[in-house]
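Below is start-v6.pdb, holding PDB, C-alpha atoms and all ligand atoms.
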```
ATOM      1  CA  MET A 964       0.000   0.000   0.000  1.00  0.00           C
ATOM      2  CA  SER A 965       1.296   3.491  -0.773  1.00  0.00           C
ATOM      3  CA  ASN A 966       1.921   5.942   2.052  1.00  0.00           C
ATOM      4  CA  ALA A 967      -1.001   8.101   0.956  1.00  0.00           C
ATOM      5  CA  ALA A 968      -3.374   5.146   0.935  1.00  0.00           C
ATOM      6  CA  GLU A 969      -2.052   4.146   4.351  1.00  0.00           C
ATOM      7  CA  LEU A 970      -2.975   7.577   5.707  1.00  0.00           C
ATOM      8  CA  LEU A 971      -6.459   7.427   4.234  1.00  0.00           C
ATOM      9  CA  TYR A 972      -7.145   3.814   5.099  1.00  0.00           C
ATOM     10  CA  PRO A 973      -4.978   2.783   8.023  1.00  0.00           C
ATOM     11  CA  ARG A 974      -4.788  -1.004   8.233  1.00  0.00           C
ATOM     12  CA  ARG A 975      -6.095  -2.591  11.390  1.00  0.00           C
ATOM     13  CA  CYS A 976      -5.339  -5.801  13.254  1.00  0.00           C
ATOM     14  CA  ALA A 977      -8.152  -8.296  12.611  1.00  0.00           C
ATOM     15  CA  ILE A 978      -8.076  -9.413  16.228  1.00  0.00           C
ATOM     16  CA  CYS A 979      -7.724  -6.292  18.421  1.00  0.00           C
ATOM     17  CA  ASP A 980      -8.573  -3.670  15.765  1.00  0.00           C
ATOM     18  CA  GLY A 981      -5.464  -1.673  16.690  1.00  0.00           C
ATOM     19  CA  LEU A 982      -3.481   0.006  13.909  1.00  0.00           C
ATOM     20  CA  LEU A 983      -0.953  -2.248  12.218  1.00  0.00           C
ATOM     21  CA  GLY A 984       2.699  -1.391  11.915  1.00  0.00           C
ATOM     22  CA  LYS A 985       4.403  -1.351   8.504  1.00  0.00           C
ATOM     23  CA  LYS A 986       5.743  -4.875   8.891  1.00  0.00           C
ATOM     24  CA  GLU A 987       2.614  -6.407  10.356  1.00  0.00           C
ATOM     25  CA  LEU A 988       0.459  -8.137   7.749  1.00  0.00           C
ATOM     26  CA  TYR A 989      -3.069  -8.854   9.035  1.00  0.00           C
ATOM     27  CA  VAL A 990      -2.633  -9.323  12.750  1.00  0.00           C
ATOM     28  CA  CYS A 991      -0.404  -7.355  15.126  1.00  0.00           C
ATOM     29  CA  THR A 992       2.514  -8.986  16.910  1.00  0.00           C
ATOM     30  CA  ASP A 993       0.671  -8.953  20.250  1.00  0.00           C
ATOM     31  CA  CYS A 994      -2.306 -10.827  18.796  1.00  0.00           C
ATOM     32  CA  ARG A 995      -0.412 -13.391  16.779  1.00  0.00           C
ATOM     33  CA  ASP A 996      -0.974 -16.105  19.370  1.00  0.00           C
ATOM     34  CA  ALA A 997      -4.360 -14.879  20.603  1.00  0.00           C
ATOM     35  CA  VAL A 998      -6.398 -16.994  18.213  1.00  0.00           C
ATOM     36  CA  ARG A 999      -5.626 -20.576  17.370  1.00  0.00           C
ATOM     37  CA  PHE A1000      -6.938 -23.102  14.876  1.00  0.00           C
ATOM     38  CA  ILE A1001      -9.175 -25.827  16.228  1.00  0.00           C
ATOM     39  CA  ARG A1002      -6.951 -28.757  17.140  1.00  0.00           C
ATOM     40  CA  GLY A1003      -7.838 -32.193  18.429  1.00  0.00           C
ATOM     41  CA  PRO A1004     -10.858 -34.317  17.556  1.00  0.00           C
ATOM     42  CA  VAL A1005     -13.700 -32.770  15.545  1.00  0.00           C
ATOM     43  CA  CYS A1006     -17.069 -34.036  14.306  1.00  0.00           C
ATOM     44  CA  ARG A1007     -16.318 -35.707  10.983  1.00  0.00           C
ATOM     45  CA  LYS A1008     -19.440 -34.218   9.449  1.00  0.00           C
ATOM     46  CA  CYS A1009     -19.465 -30.575  10.589  1.00  0.00           C
ATOM     47  CA  GLY A1010     -15.987 -29.973  12.021  1.00  0.00           C
ATOM     48  CA  ARG A1011     -17.181 -29.015  15.501  1.00  0.00           C
ATOM     49  CA  PRO A1012     -14.772 -29.928  18.332  1.00  0.00           C
ATOM     50  CA  THR A1013     -15.783 -33.204  20.009  1.00  0.00           C
ATOM     51  CA  GLU A1014     -14.544 -35.447  22.797  1.00  0.00           C
ATOM     52  CA  GLU A1015     -11.822 -37.973  21.984  1.00  0.00           C
ATOM     53  CA  GLY A1016     -13.333 -41.023  20.262  1.00  0.00           C
ATOM     54  CA  VAL A1017     -16.622 -39.300  19.373  1.00  0.00           C
ATOM     55  CA  LEU A1018     -17.198 -39.374  15.610  1.00  0.00           C
ATOM     56  CA  LEU A1019     -20.257 -37.174  15.327  1.00  0.00           C
ATOM     57  CA  CYS A1020     -21.341 -34.194  17.442  1.00  0.00           C
ATOM     58  CA  LYS A1021     -24.794 -34.201  19.059  1.00  0.00           C
ATOM     59  CA  THR A1022     -26.386 -32.200  16.240  1.00  0.00           C
ATOM     60  CA  CYS A1023     -25.004 -34.425  13.492  1.00  0.00           C
ATOM     61  CA  ALA A1024     -25.865 -37.627  15.378  1.00  0.00           C
ATOM     62  CA  GLU A1025     -29.498 -36.523  15.465  1.00  0.00           C
ATOM     63  CA  ARG A1026     -30.068 -35.610  11.858  1.00  0.00           C
ATOM     64  CA  ARG A1027     -28.800 -36.072   8.355  1.00  0.00           C
ATOM     65  CA  HIS A1028     -27.216 -33.132   6.633  1.00  0.00           C
ATOM     66  CA  ALA A1029     -27.686 -32.255   2.981  1.00  0.00           C
ATOM     67  CA  PHE A1030     -23.994 -31.325   2.666  1.00  0.00           C
ATOM     68  CA  GLU A1031     -21.179 -33.902   2.607  1.00  0.00           C
ATOM     69  CA  GLN A1032     -18.757 -32.323   5.054  1.00  0.00           C
ATOM     70  CA  SER A1033     -17.786 -28.973   6.557  1.00  0.00           C
ATOM     71  CA  VAL A1034     -14.667 -27.679   8.294  1.00  0.00           C
ATOM     72  CA  SER A1035     -13.865 -24.399  10.095  1.00  0.00           C
ATOM     73  CA  PRO A1036     -10.522 -23.189  11.436  1.00  0.00           C
ATOM     74  CA  TYR A1037     -11.861 -21.353  14.491  1.00  0.00           C
ATOM     75  CA  GLU A1038     -14.389 -21.606  17.296  1.00  0.00           C
ATOM     76  CA  TYR A1039     -16.867 -18.751  17.472  1.00  0.00           C
ATOM     77  CA  ARG A1040     -15.934 -17.231  20.806  1.00  0.00           C
ATOM     78  CA  ASP A1041     -13.797 -14.634  22.596  1.00  0.00           C
ATOM     79  CA  GLU A1042     -11.474 -12.703  20.248  1.00  0.00           C
ATOM     80  CA  MET A1043     -12.725 -14.450  17.106  1.00  0.00           C
ATOM     81  CA  ARG A1044     -16.343 -13.692  17.943  1.00  0.00           C
ATOM     82  CA  ARG A1045     -15.588 -10.011  18.511  1.00  0.00           C
ATOM     83  CA  SER A1046     -13.585  -9.904  15.297  1.00  0.00           C
ATOM     84  CA  VAL A1047     -16.403 -11.473  13.248  1.00  0.00           C
ATOM     85  CA  LEU A1048     -18.914  -9.045  14.738  1.00  0.00           C
ATOM     86  CA  ARG A1049     -16.797  -6.070  13.641  1.00  0.00           C
ATOM     87  CA  PHE A1050     -16.347  -7.683  10.219  1.00  0.00           C
ATOM     88  CA  LYS A1051     -20.110  -8.015   9.799  1.00  0.00           C
ATOM     89  CA  TYR A1052     -21.510  -5.010  11.596  1.00  0.00           C
ATOM     90  CA  SER A1053     -18.779  -2.353  11.835  1.00  0.00           C
ATOM     91  CA  GLY A1054     -17.559  -2.197   8.253  1.00  0.00           C
ATOM     92  CA  ARG A1055     -14.280  -4.040   8.771  1.00  0.00           C
ATOM     93  CA  ALA A1056     -14.382  -5.657   5.317  1.00  0.00           C
ATOM     94  CA  GLU A1057     -10.565  -5.634   5.280  1.00  0.00           C
ATOM     95  CA  TYR A1058     -10.514  -8.564   7.741  1.00  0.00           C
ATOM     96  CA  ALA A1059     -11.635 -10.807   4.857  1.00  0.00           C
ATOM     97  CA  GLU A1060      -8.009 -11.142   3.784  1.00  0.00           C
ATOM     98  CA  PHE A1061      -6.898 -12.558   7.148  1.00  0.00           C
ATOM     99  CA  PHE A1062      -9.952 -14.815   7.417  1.00  0.00           C
ATOM    100  CA  ALA A1063      -9.521 -16.221   3.902  1.00  0.00           C
ATOM    101  CA  ARG A1064      -5.787 -16.901   4.453  1.00  0.00           C
ATOM    102  CA  SER A1065      -6.584 -18.769   7.683  1.00  0.00           C
ATOM    103  CA  MET A1066      -9.271 -20.836   5.973  1.00  0.00           C
ATOM    104  CA  ALA A1067      -6.985 -21.614   3.031  1.00  0.00           C
ATOM    105  CA  VAL A1068      -4.249 -22.909   5.327  1.00  0.00           C
ATOM    106  CA  TYR A1069      -6.604 -24.884   7.563  1.00  0.00           C
ATOM    107  CA  ALA A1070      -8.544 -26.527   4.730  1.00  0.00           C
ATOM    108  CA  ALA A1071      -5.671 -27.105   2.270  1.00  0.00           C
ATOM    109  CA  GLU A1072      -5.760 -30.874   2.571  1.00  0.00           C
ATOM    110  CA  LYS A1073      -9.558 -31.079   2.419  1.00  0.00           C
ATOM    111  CA  ILE A1074      -9.638 -29.038  -0.760  1.00  0.00           C
ATOM    112  CA  ARG A1075      -7.225 -31.481  -2.394  1.00  0.00           C
ATOM    113  CA  LEU A1076      -9.539 -34.334  -1.378  1.00  0.00           C
ATOM    114  CA  TRP A1077     -12.854 -32.657  -2.195  1.00  0.00           C
ATOM    115  CA  LYS A1078     -11.774 -31.219  -5.564  1.00  0.00           C
ATOM    116  CA  PRO A1079     -14.470 -28.533  -5.736  1.00  0.00           C
ATOM    117  CA  GLU A1080     -15.246 -27.144  -9.171  1.00  0.00           C
ATOM    118  CA  LEU A1081     -17.003 -23.997  -8.032  1.00  0.00           C
ATOM    119  CA  ILE A1082     -16.959 -21.754  -4.942  1.00  0.00           C
ATOM    120  CA  VAL A1083     -20.316 -20.352  -3.832  1.00  0.00           C
ATOM    121  CA  PRO A1084     -20.764 -17.979  -0.879  1.00  0.00           C
ATOM    122  CA  VAL A1085     -23.878 -18.257   1.289  1.00  0.00           C
ATOM    123  CA  PRO A1086     -25.845 -15.209   0.156  1.00  0.00           C
ATOM    124  CA  VAL A1087     -27.263 -12.479   2.369  1.00  0.00           C
ATOM    125  CA  HIS A1088     -30.600 -10.870   1.630  1.00  0.00           C
ATOM    126  CA  PRO A1089     -30.236  -7.954  -0.853  1.00  0.00           C
ATOM    127  CA  ALA A1090     -31.617  -5.502   1.738  1.00  0.00           C
ATOM    128  CA  ARG A1091     -28.995  -6.580   4.275  1.00  0.00           C
ATOM    129  CA  LYS A1092     -26.258  -6.400   1.659  1.00  0.00           C
ATOM    130  CA  ARG A1093     -27.300  -2.853   0.758  1.00  0.00           C
ATOM    131  CA  LYS A1094     -27.195  -1.812   4.392  1.00  0.00           C
ATOM    132  CA  ARG A1095     -23.850  -3.484   5.102  1.00  0.00           C
ATOM    133  CA  GLY A1096     -22.338  -2.671   1.733  1.00  0.00           C
ATOM    134  CA  TYR A1097     -21.061  -6.232   1.194  1.00  0.00           C
ATOM    135  CA  ASN A1098     -21.760  -9.897   1.702  1.00  0.00           C
ATOM    136  CA  GLN A1099     -19.087 -10.951   4.191  1.00  0.00           C
ATOM    137  CA  SER A1100     -18.954 -14.554   2.927  1.00  0.00           C
ATOM    138  CA  ALA A1101     -18.601 -13.401  -0.675  1.00  0.00           C
ATOM    139  CA  LEU A1102     -15.568 -11.263   0.245  1.00  0.00           C
ATOM    140  CA  ILE A1103     -13.897 -14.357   1.680  1.00  0.00           C
ATOM    141  CA  ALA A1104     -15.026 -16.608  -1.193  1.00  0.00           C
ATOM    142  CA  ARG A1105     -13.565 -14.227  -3.773  1.00  0.00           C
ATOM    143  CA  ILE A1106     -10.122 -14.325  -2.148  1.00  0.00           C
ATOM    144  CA  LEU A1107     -10.232 -18.132  -1.858  1.00  0.00           C
ATOM    145  CA  SER A1108     -11.239 -18.392  -5.484  1.00  0.00           C
ATOM    146  CA  SER A1109      -8.132 -16.543  -6.626  1.00  0.00           C
ATOM    147  CA  GLU A1110      -5.962 -18.397  -4.103  1.00  0.00           C
ATOM    148  CA  TRP A1111      -7.073 -21.785  -5.467  1.00  0.00           C
ATOM    149  CA  GLU A1112      -7.708 -20.665  -9.038  1.00  0.00           C
ATOM    150  CA  LEU A1113     -11.271 -21.940  -8.888  1.00  0.00           C
ATOM    151  CA  PRO A1114     -14.309 -20.234 -10.361  1.00  0.00           C
ATOM    152  CA  PHE A1115     -16.564 -18.306  -8.024  1.00  0.00           C
ATOM    153  CA  ASP A1116     -20.259 -17.531  -8.444  1.00  0.00           C
ATOM    154  CA  GLU A1117     -21.859 -15.005  -6.142  1.00  0.00           C
ATOM    155  CA  LYS A1118     -25.145 -15.023  -8.046  1.00  0.00           C
ATOM    156  CA  LEU A1119     -25.900 -18.737  -8.181  1.00  0.00           C
ATOM    157  CA  LEU A1120     -27.692 -18.841  -4.828  1.00  0.00           C
ATOM    158  CA  ILE A1121     -30.249 -16.184  -4.026  1.00  0.00           C
ATOM    159  CA  ARG A1122     -31.593 -15.373  -0.593  1.00  0.00           C
ATOM    160  CA  ARG A1123     -35.262 -14.718  -0.955  1.00  0.00           C
ATOM    161  CA  LYS A1124     -36.241 -14.464   2.683  1.00  0.00           C
ATOM    162  CA  ARG A1125     -34.801 -11.964   5.100  1.00  0.00           C
ATOM    163  CA  THR A1126     -33.967 -14.275   7.982  1.00  0.00           C
ATOM    164  CA  LYS A1127     -32.914 -13.516  11.522  1.00  0.00           C
ATOM    165  CA  PRO A1128     -29.266 -14.194  12.419  1.00  0.00           C
ATOM    166  CA  GLN A1129     -29.026 -17.928  13.206  1.00  0.00           C
ATOM    167  CA  THR A1130     -26.951 -17.283  16.324  1.00  0.00           C
ATOM    168  CA  GLU A1131     -29.975 -15.630  17.990  1.00  0.00           C
ATOM    169  CA  LEU A1132     -32.252 -18.658  17.605  1.00  0.00           C
ATOM    170  CA  ASP A1133     -32.644 -22.119  19.120  1.00  0.00           C
ATOM    171  CA  ARG A1134     -32.329 -25.220  16.986  1.00  0.00           C
ATOM    172  CA  THR A1135     -35.957 -25.677  15.879  1.00  0.00           C
ATOM    173  CA  GLU A1136     -36.259 -21.977  15.143  1.00  0.00           C
ATOM    174  CA  ARG A1137     -33.082 -22.157  13.071  1.00  0.00           C
ATOM    175  CA  GLN A1138     -34.418 -24.838  10.761  1.00  0.00           C
ATOM    176  CA  LYS A1139     -37.708 -22.985  10.274  1.00  0.00           C
ATOM    177  CA  ASN A1140     -35.848 -19.703   9.833  1.00  0.00           C
ATOM    178  CA  VAL A1141     -33.896 -20.906   6.789  1.00  0.00           C
ATOM    179  CA  ALA A1142     -36.478 -23.241   5.250  1.00  0.00           C
ATOM    180  CA  LYS A1143     -37.061 -22.092   1.666  1.00  0.00           C
ATOM    181  CA  ALA A1144     -34.801 -19.089   2.328  1.00  0.00           C
ATOM    182  CA  PHE A1145     -32.633 -19.828  -0.719  1.00  0.00           C
ATOM    183  CA  ARG A1146     -33.125 -20.576  -4.356  1.00  0.00           C
ATOM    184  CA  CYS A1147     -30.773 -21.431  -7.178  1.00  0.00           C
ATOM    185  CA  GLU A1148     -30.589 -19.205 -10.244  1.00  0.00           C
ATOM    186  CA  ARG A1149     -31.555 -21.775 -12.867  1.00  0.00           C
ATOM    187  CA  SER A1150     -29.974 -19.937 -15.787  1.00  0.00           C
ATOM    188  CA  ARG A1151     -26.497 -20.528 -14.299  1.00  0.00           C
ATOM    189  CA  SER A1152     -24.628 -23.791 -14.566  1.00  0.00           C
ATOM    190  CA  VAL A1153     -23.975 -25.963 -11.521  1.00  0.00           C
ATOM    191  CA  PRO A1154     -21.033 -28.385 -11.610  1.00  0.00           C
ATOM    192  CA  GLY A1155     -20.913 -31.763  -9.826  1.00  0.00           C
ATOM    193  CA  THR A1156     -18.923 -30.594  -6.807  1.00  0.00           C
ATOM    194  CA  VAL A1157     -19.562 -27.272  -5.087  1.00  0.00           C
ATOM    195  CA  LEU A1158     -17.821 -25.639  -2.133  1.00  0.00           C
ATOM    196  CA  LEU A1159     -19.992 -23.377   0.026  1.00  0.00           C
ATOM    197  CA  ILE A1160     -18.386 -20.568   2.022  1.00  0.00           C
ATOM    198  CA  ASP A1161     -19.988 -19.167   5.167  1.00  0.00           C
ATOM    199  CA  ASP A1162     -18.857 -17.168   8.178  1.00  0.00           C
ATOM    200  CA  ILE A1163     -20.358 -19.133  11.085  1.00  0.00           C
ATOM    201  CA  LEU A1164     -21.634 -22.682  11.267  1.00  0.00           C
ATOM    202  CA  THR A1165     -24.208 -23.108  14.035  1.00  0.00           C
ATOM    203  CA  THR A1166     -26.404 -26.195  13.579  1.00  0.00           C
ATOM    204  CA  GLY A1167     -25.697 -26.482   9.865  1.00  0.00           C
ATOM    205  CA  SER A1168     -29.291 -25.556   8.903  1.00  0.00           C
ATOM    206  CA  THR A1169     -28.153 -22.761   6.594  1.00  0.00           C
ATOM    207  CA  LEU A1170     -25.669 -25.024   4.811  1.00  0.00           C
ATOM    208  CA  ASP A1171     -28.366 -27.708   4.532  1.00  0.00           C
ATOM    209  CA  ALA A1172     -30.825 -25.287   2.955  1.00  0.00           C
ATOM    210  CA  CYS A1173     -28.183 -24.127   0.433  1.00  0.00           C
ATOM    211  CA  ALA A1174     -26.967 -27.663  -0.299  1.00  0.00           C
ATOM    212  CA  GLU A1175     -30.524 -28.877  -0.935  1.00  0.00           C
ATOM    213  CA  GLU A1176     -31.063 -26.157  -3.512  1.00  0.00           C
ATOM    214  CA  LEU A1177     -27.714 -26.809  -5.189  1.00  0.00           C
ATOM    215  CA  LYS A1178     -28.482 -30.520  -5.394  1.00  0.00           C
ATOM    216  CA  LYS A1179     -31.904 -29.867  -6.880  1.00  0.00           C
ATOM    217  CA  ALA A1180     -30.095 -27.810  -9.506  1.00  0.00           C
ATOM    218  CA  GLY A1181     -27.699 -30.634 -10.355  1.00  0.00           C
ATOM    219  CA  ALA A1182     -24.818 -30.646  -7.856  1.00  0.00           C
ATOM    220  CA  GLU A1183     -23.837 -34.126  -6.688  1.00  0.00           C
ATOM    221  CA  LYS A1184     -21.586 -33.165  -3.811  1.00  0.00           C
ATOM    222  CA  VAL A1185     -21.656 -30.051  -1.655  1.00  0.00           C
ATOM    223  CA  TYR A1186     -18.852 -29.338   0.807  1.00  0.00           C
ATOM    224  CA  ALA A1187     -18.477 -26.335   3.068  1.00  0.00           C
ATOM    225  CA  LEU A1188     -15.724 -24.226   4.532  1.00  0.00           C
ATOM    226  CA  CYS A1189     -16.738 -21.795   7.266  1.00  0.00           C
ATOM    227  CA  LEU A1190     -14.659 -19.320   9.237  1.00  0.00           C
ATOM    228  CA  CYS A1191     -15.990 -20.318  12.670  1.00  0.00           C
ATOM    229  CA  VAL A1192     -18.031 -23.032  14.248  1.00  0.00           C
ATOM    230  CA  ASP A1193     -20.355 -22.104  17.092  1.00  0.00           C
ATOM    231  CA  GLU A1194     -20.562 -24.387  20.129  1.00  0.00           C
TER     232      GLU A1194
HETATM  233 ZN    ZN B1201      -3.876  -6.993  17.511  1.00  0.00          ZN
HETATM  234 ZN    ZN B1202     -21.324 -32.272  13.720  1.00  0.00          ZN
END
```

Starting from the file, give its structure as structure tokens.
Amino acid sequence: MSNAAELLYPRRCAICDGLLGKKELYVCTDCRDAVRFIRGPVCRKCGRPTEEGVLLCKTCAERRHAFEQSVSPYEYRDEMRRSVLRFKYSGRAEYAEFFARSMAVYAAEKIRLWKPELIVPVPVHPARKRKRGYNQSALIARILSSEWELPFDEKLLIRRKRTKPQTELDRTERQKNVAKAFRCERSRSVPGTVLLIDDILTTGSTLDACAEELKKAGAEKVYALCLCVDE
């Protein structure tokens, strides 16, 4: 970034929101160890941390998902939660770069296995996008698409219902909230394997609703990569 641009748009640490020094990339030196990737056993369906020896988390043991598998580098709490809230509600679109890099590193092996042919962000309702100025998942998806040299389609899935944030609802409400919330733009082509990108995985209802639509439109396999997984 040029010095003039730096003055106009000072870069901020994605974790503490403090100003970054010239040599600091996305996160300041103090915050470098403040957030860590999920380590240890995770649910093999949704990527949520589980106890040792437990294959599926409670949610995934109770119902079938429409997507094949999902992984997320971070848990949705503490510093990460505050960071995501600023990203979504306080205009910190610049954090997308840090988030996408983290997701790319964490999911590198999965992407080699899954071999997605198209990256599709979970859409936000047009009214919400207008208010926020961007779809947070699309910002991340765009960076991942250039990182992996995979096509990206922000217009394939359309959000037709303005839903409440999933994190504010209980499980039954979440499923109802997203039922029929999405539709696939039928004039666009859908390959066999699609990778969905979302910011937070809660119960997986949103991913299910998107995956169902994509499968109706011809996708055979739908995988997902989210930034965070909620407990
Ligand atoms: Zn910091
Ligand atoms: Zn699970």

**Neighbourhood of ligand ZN 1201 (chain B) at 12 Å, counting all atoms listed in the file, reported as a PyMOL selection string** = chain A and resi 974-984+987-998+1042-1043+1046+1058

**Request:** Can you turn the PyMOL selection byres (((not hetatm)) within 10 of (chain B and resi 1202)) into a concrete residue list for this file, as a list in words?
**Result:** Val1005, Cys1006, Arg1007, Lys1008, Cys1009, Gly1010, Arg1011, Pro1012, Thr1013, Leu1018, Leu1019, Cys1020, Lys1021, Thr1022, Cys1023, Ala1024, Glu1025, Arg1026, Arg1027, His1028, Gln1032, Ser1033, Val1034, Leu1164, Thr1165, Thr1166, Gly1167 and Val1192 of chain A

Write the selection just made, keeping C-alpha atoms, as an mmCIF file, in the frame of the given file?
```
data_model
loop_
_atom_site.group_PDB
_atom_site.id
_atom_site.type_symbol
_atom_site.label_atom_id
_atom_site.label_comp_id
_atom_site.auth_asym_id
_atom_site.auth_seq_id
_atom_site.Cartn_x
_atom_site.Cartn_y
_atom_site.Cartn_z
ATOM 1 C CA VAL A 1005 -13.700 -32.770 15.545
ATOM 2 C CA CYS A 1006 -17.069 -34.036 14.306
ATOM 3 C CA ARG A 1007 -16.318 -35.707 10.983
ATOM 4 C CA LYS A 1008 -19.440 -34.218 9.449
ATOM 5 C CA CYS A 1009 -19.465 -30.575 10.589
ATOM 6 C CA GLY A 1010 -15.987 -29.973 12.021
ATOM 7 C CA ARG A 1011 -17.181 -29.015 15.501
ATOM 8 C CA PRO A 1012 -14.772 -29.928 18.332
ATOM 9 C CA THR A 1013 -15.783 -33.204 20.009
ATOM 10 C CA LEU A 1018 -17.198 -39.374 15.610
ATOM 11 C CA LEU A 1019 -20.257 -37.174 15.327
ATOM 12 C CA CYS A 1020 -21.341 -34.194 17.442
ATOM 13 C CA LYS A 1021 -24.794 -34.201 19.059
ATOM 14 C CA THR A 1022 -26.386 -32.200 16.240
ATOM 15 C CA CYS A 1023 -25.004 -34.425 13.492
ATOM 16 C CA ALA A 1024 -25.865 -37.627 15.378
ATOM 17 C CA GLU A 1025 -29.498 -36.523 15.465
ATOM 18 C CA ARG A 1026 -30.068 -35.610 11.858
ATOM 19 C CA ARG A 1027 -28.800 -36.072 8.355
ATOM 20 C CA HIS A 1028 -27.216 -33.132 6.633
ATOM 21 C CA GLN A 1032 -18.757 -32.323 5.054
ATOM 22 C CA SER A 1033 -17.786 -28.973 6.557
ATOM 23 C CA VAL A 1034 -14.667 -27.679 8.294
ATOM 24 C CA LEU A 1164 -21.634 -22.682 11.267
ATOM 25 C CA THR A 1165 -24.208 -23.108 14.035
ATOM 26 C CA THR A 1166 -26.404 -26.195 13.579
ATOM 27 C CA GLY A 1167 -25.697 -26.482 9.865
ATOM 28 C CA VAL A 1192 -18.031 -23.032 14.248
#
```

**Prompt:** Looking at A:Lys1179, A:Cys1191, A:Arg1093, A:Tyr1069, which one is nearest to Tyr1037 of chain A, with distances taken over only C-alpha atoms?
**Reply:** A:Cys1191

**Residues within 9 Å of segment 1084-1088 of chain A, only C-alpha atoms, excluding chain neighbours under 2 positions, as a VMD selection string** = chain A and resid 1082 1090 to 1093 1097 to 1105 1115 to 1126 1145 1158 to 1162 1169 to 1170 1173

**Message:** Rounded to one decimal, what separation in Å do you get between atom CA of Gly1096 of chain A and atom CA of Thr1130 of chain A?
**Reply:**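 Result for atom CA of Gly1096 of chain A versus atom CA of Thr1130 of chain A: 21.2 Å, one decimal.
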
**Asked** Between A:Arg1146, A:Pro1036, A:Ala1187, A:Phe1062, which one has atoms that come closest to Phe1050 of chain A, using only C-alpha atoms?
**Response**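 Selected residue with least distance to Phe1050 of chain A: A:Phe1062.
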
**Distance criterion (all atoms listed in the file): nearest to Lys985 of chain A out of A:Pro973, A:Glu1112, A:Lys1184, A:Arg1149** =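 Among the listed residues, the smallest separation from Lys985 of chain A belongs to A:Pro973.
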
**Request:** Go ahead and compute the interatomic distance for atom CA of Tyr972 of chain A and atom CA of Arg1049 of chain A, in Å to one decimal.
**Result:**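 About the pair atom CA of Tyr972 of chain A and atom CA of Arg1049 of chain A: they are 16.2 Å apart.
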
**Asked** Can you tell me how far atom CA of Phe1061 of chain A sits from atom CA of Ala1172 of chain A, in Å to one decimal?
**Response**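 Between these atoms lies a distance of 27.4 Å.
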
Padding of 5 Å on every side, edges along x, y and z, all listed atoms of segment 976-995 of chain A included: what centre and edge lengths in Å, to one decimal, does that box have, as AutoDock Vina command-line options?
```
--center_x -1.4 --center_y -6.7 --center_z 14.0 --size_x 24.3 --size_y 23.4 --size_z 22.5
```

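In terms of minimum interatomic distance to Tyr1039 of chain A, A:Ile1001 ranks closest within A:Leu1107, A:Asp1171, A:Ile1001, A:Pro1079, counting all atoms listed in the file.
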
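Taking only C-alpha atoms, the non-local environment of Lys1178 of chain A within 10 Å (same-chain residues fewer than 3 positions away omitted) comprises Ala1029, Phe1030, Cys1147, Val1153, Pro1154, Gly1155, Thr1156, Val1157, Cys1173, Ala1174, Glu1175, Gly1181, Ala1182, Glu1183, Lys1184 and Val1185 of chain A.
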
**Message:** Here is a test: counting all atoms listed in the file, which residue of A:Asp1133, A:Lys1051, A:Ser1152, A:Lys1143 is nearest to Pro1114 of chain A?
**Reply:** A:Ser1152

**Request:** Considering all atoms listed in the file, state which residue in the set A:Met1066, A:Val1017, A:Leu1188, A:Leu1048 is at the smallest distance from Glu1031 of chain A.
**Result:**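 Checking each of A:Met1066, A:Val1017, A:Leu1188, A:Leu1048 against Glu1031 of chain A, counting all atoms listed in the file, the winner is A:Leu1188.
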